[in-house]
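See below for the structure under consideration.
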Amino acid sequence: MENQQRGKNIALIGAALQTVVVVVMLIVSRATGSRAVLAGLWLPVGGVWLWLLTALLFYARQLERQEALELEEIAATAGQQTSIFEGQNDLESRPAARRAAFIETWIVRGFTLVFAGYHAAMAWLMLGWLGESPLTSEAMTNGLMGGAFLVLVGFAAFLFSQYSVGMAKVGEWRLLRATGSYMLVSAIYVAALCVGLIAASQGSAVIDRVVAWVLPIIQLVFAAELVINFVLDLYRPHMPGQEHRPPYDSRLFNLVAEPGRVGHSIAETLNYQFGFEVSRTWFYELVAKAFVPLIFFGVIVMLLMSSIVVVDEGEEYVVKRFGKLAGTETLKPGLRVKLPWPIDTAERFDTGNIHEIRLGLQPKDEADASQVPHTREGEYLLLWSQEHGLGGELEKDFLIGSPPRSGMDRDEQTDSAATAVNIIKLVVLIHYQVNHPYKFGYSTTDTPELLQSIAEQEMTKYCARATLQEPLSGEEDRPDAIMTTGREKAAERLKELIQKRVGPEGADLGVNITWVGIVSAHPPAEVTPEFEKVLQAERAQDEQRYEAEADASRILAEVSGNPGEAMQLYLALRRGEVFGRLARQRGNEVAYALSASEAIREANQQVDALSKEIRRERLLGRTDVDLRAQIHLWEGYQRFLKNLQAAKAKPAEADLQAKIEGAEEDVQKLFDRLEGEPATLIAEAEATSWARVLREQTALQAYQRKLKPFLASPQAYKFDRYMDVMEAHLPGMLKYVLGLDRDRVELRLNLEQTRQDAIDAALGRPGGEPDSE
């Protein structure tokens, strides 16, 4: 009876202590504004009623024991001890025992159901309340003071719970096991609240939030266990003399209060499985003795390990203290140290690698996705005529601006809604690198998703103004030819726009856009046949253009032998013509300005045409070495354009005469290098001219040589000429015949002698003297 009295007193003290815990928690909740403390108030409130029920059970057992002692004394006095023992099970004559049995059978079971309903209801209400309102007020006040009060009452509750659990090892006080374990769980929760309040006072409410949400879950689990215990208690046989465990006694809470019982159960299981007392071996005893130190050492090692952060190359870590950013500095590559968990936590950011975003793709539905044909080697053929995508995703449609038709003004194009836009499939890849972990990780809730949304927005806006293939004159700021020659320009412009939106001037997401590429741009599959017709027409047009270019090259080659030099010659002639006209019009400002503007416009057209031709040839695979003539001509037109612009801007300072002379020098140099038909004609004319000059000079010299003999002796000269003519024109046979005539030969000799004498007489020489010359 004294044991029951002591158990009742301990239960009443426990109820009072639990009430103090409730009052302190209520005061702390109002003083600090912590909703987590208020949400956890209902756990110790339930403990007060549990202690009171335990005190009631101890009191009922005390009365039952007192009644039994009185009956024993009466029986001993009357000598009817045997009959009394035979009727002990008859509760009709034992009101205290009957009252105790009623309490343990019905009151305890009813309390278990009510207790389970209480915890389930409060857990449900608290979860709903926490979901609808912030867990902690914006301004946490008196957090440290509130935590100090909770530490005091929590420590007292912890000591008293351990005392109660220790008493419950004795059979007479077994009822204290349920209340002691319940108070121990309450003390642990109070300790968690202290940590949450201290962290919240430092500006981090993460622990406070976690504790507030964990308690209702624990209450739901506890309520479910009570219901299960109640059902099992209904079907569990109650043997006389056997200790009965009340259904409100939680086995889960007992496991927290007495973890050593788990080891005892494991030891018993090992003994049963191996067939001998394993728990009595030296190894098991060693492990049992060192188990707690090993656990403690393991916890210390884990805490120390959580203080070390190994940062690899290309990574940075951000340290958070109690869930709040500890500063702006990051942990760089190397071996770094921080405070142990849960004080400090480190979050990894990949700053060295390139991350990729894919735009223009949508998830593929396997039921609707078309089968892509493949070759024997298993390589896929991506055709315009079939739907395809990238990485298991299909391409999306994009709207592209449609340029005005030829012959339509802008107003007519605006009214024509059917031809306002074109639809193409467009896939864009974006590569970015994280350069500021704080901004990337904590400026928004989902930075990669926001980055993709911004990129898609800029891509949609940019494409809405772009054209498919042809550029538009007069709209230099409008993107053009996004599907052909304008891809590179469009990608660079998209990179600039996206970087501006996500950089410091925009959302400031802490990323750097490293590359933007248009990897796919083509019409939808359903319009591919019509588009191929356009391509065929364009290829036919290209064929005609190439034929015209071939004819032009042939003509230029015939003219100059080198088409490039022929165009350089044209440029030089054009320069001389333009600068000469400007020099003549320098006194007329209006005419000068008009001529300069017209020349600048023509030069710009030539520069643009050459730029497009060079770009097209490069796309076809030709190198700069192959295009050196076009590049040299483009550079010449660029210099010509700059000179024209300078001459127009400052007419008085323009040295037009020097530019004219330079053009003439270039023309002369290029003429000297001509190799075509004109050069041949010039060479032939020069050769004919020289031949005629030389022939005339030879005739003149011959005439001068013959003039002196004629003046000296006209008759002899004539006779000599006559003989030369005769020798030159008489047939060879006649000469032979004349040579046979002796008389003729002598006559010839006499004539020769006579001619010589005449010459000597004309020269004043005596006859028979030899010619000194």
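All residue names refer to the structure tokens as shown: chains lettered A, B, ... in order, residues numbered from 1 in each chain, ligands numbered from 1 in order.
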| request: Would you list the contacts of Arg336 (chain A) as JSON, numbers by chain, taking every protein, DNA or RNA residue within 9 Å and counting only C-alpha atoms, but skipping same-chain residues closer than 2 positions in sequence? | output: {"A": [307, 308, 309, 310, 311, 331, 332, 333, 334, 338]}
| task | Within 7 Å of Glu315 (chain A), counting only C-alpha atoms, which residues show up once you throw out same-chain ones fewer than 4 positions away? Write them as a ChimeraX atom specification, please. | result | /A:311,333,348-352
For the residues selected in the previous step, produce a file with N, CA, C and O atoms as a compact mmCIF listing (two decimals), in the first residue's frame.
```
# COMPACT_ATOMS: atom_id res chain seq x y z
N VAL A 311 36.64 21.14 -51.82
CA VAL A 311 36.14 21.87 -52.98
C VAL A 311 37.00 21.52 -54.19
O VAL A 311 38.20 21.79 -54.20
N PRO A 333 38.31 26.40 -54.54
CA PRO A 333 38.88 25.05 -54.61
C PRO A 333 39.99 24.83 -53.60
O PRO A 333 40.84 25.69 -53.37
N ARG A 348 26.82 23.25 -52.88
CA ARG A 348 27.78 23.22 -54.00
C ARG A 348 27.20 23.92 -55.22
O ARG A 348 26.01 23.78 -55.54
N PHE A 349 28.08 24.66 -55.93
CA PHE A 349 27.73 25.30 -57.20
C PHE A 349 28.82 24.98 -58.21
O PHE A 349 30.01 25.14 -57.94
N ASP A 350 28.39 24.52 -59.37
CA ASP A 350 29.31 24.17 -60.45
C ASP A 350 29.59 25.42 -61.27
O ASP A 350 28.79 25.83 -62.11
N THR A 351 30.75 26.03 -61.03
CA THR A 351 31.11 27.27 -61.72
C THR A 351 32.11 27.06 -62.84
O THR A 351 32.40 28.01 -63.58
N GLY A 352 32.66 25.87 -62.97
CA GLY A 352 33.67 25.63 -63.99
C GLY A 352 33.12 25.05 -65.28
O GLY A 352 33.65 25.32 -66.37
```
| field | Near-Leu193 (chain A) list (12 Å; only C-alpha atoms; drop same-chain fewer than 3 positions) as a VMD selection string | value | chain A and resid 25 28 to 29 32 34 to 41 143 to 144 146 to 151 154 186 to 190 196 to 200 205 to 215
| field | strand (DSSP E or B) call set, DSSP backbone run, region 497-574 of chain A, as a VMD selection string | value | chain A and resid 511 to 522
| field | Selected residue, from A:Ile357, A:Leu627, A:Arg586, A:Phe440, that lies nearest to Thr514 (chain A) when counting only C-alpha atoms | value |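 Going through A:Ile357, A:Leu627, A:Arg586, A:Phe440 one by one, the smallest distance to Thr514 (chain A) is for A:Ile357.
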| field | Long-range neighbours of region 234-237 of chain A as an NGL selection string, 10 Å cut-off, only C-alpha atoms, 4 positions minimum in chain | value | :A and (105 or 109 or 229-230 or 244 or 247)
Would you output that residue set with N, CA and C atoms, as a compact mmCIF listing (two decimals), in the first residue's frame?
```
# COMPACT_ATOMS: atom_id res chain seq x y z
N THR A 105 -10.54 -1.38 -16.80
CA THR A 105 -11.16 -1.99 -17.98
C THR A 105 -11.82 -0.95 -18.87
N ARG A 109 -9.57 2.21 -21.21
CA ARG A 109 -9.84 2.04 -22.63
C ARG A 109 -10.51 3.29 -23.24
N ASN A 229 -3.24 -0.20 -30.27
CA ASN A 229 -3.16 -0.80 -28.92
C ASN A 229 -4.55 -1.06 -28.36
N PHE A 230 -5.46 -0.14 -28.62
CA PHE A 230 -6.83 -0.33 -28.11
C PHE A 230 -7.48 -1.57 -28.74
N HIS A 244 -0.79 -6.61 -16.55
CA HIS A 244 -1.54 -6.06 -17.68
C HIS A 244 -0.95 -4.71 -18.09
N PRO A 247 -3.39 0.16 -22.62
CA PRO A 247 -3.28 0.46 -24.06
C PRO A 247 -2.71 1.84 -24.37
```
| task | Grab the CA of Asp508 (chain A) to CA of Tyr442 (chain A) distance for me, in Å with one decimal place. | result | 11.3 Å
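Picture a line from CA of Gln638 (chain A) to CA of Thr485 (chain A); it runs 22.0 Å.
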| task | Determine which residues of region 158-264 of chain A receive a DSSP assignment of helix (DSSP H, G or I), computed from the backbone, and state them as a ChimeraX atom specification. | result | /A:158-167,171-173,176-201,206-235,251-257,260-264
| Contact residues around His355 (chain A) with only C-alpha atoms at 7 Å, ignoring same-chain residues under 3 positions, as a list in words |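 My list of contacting residues is His431, Tyr432 and Gln433 of chain A.
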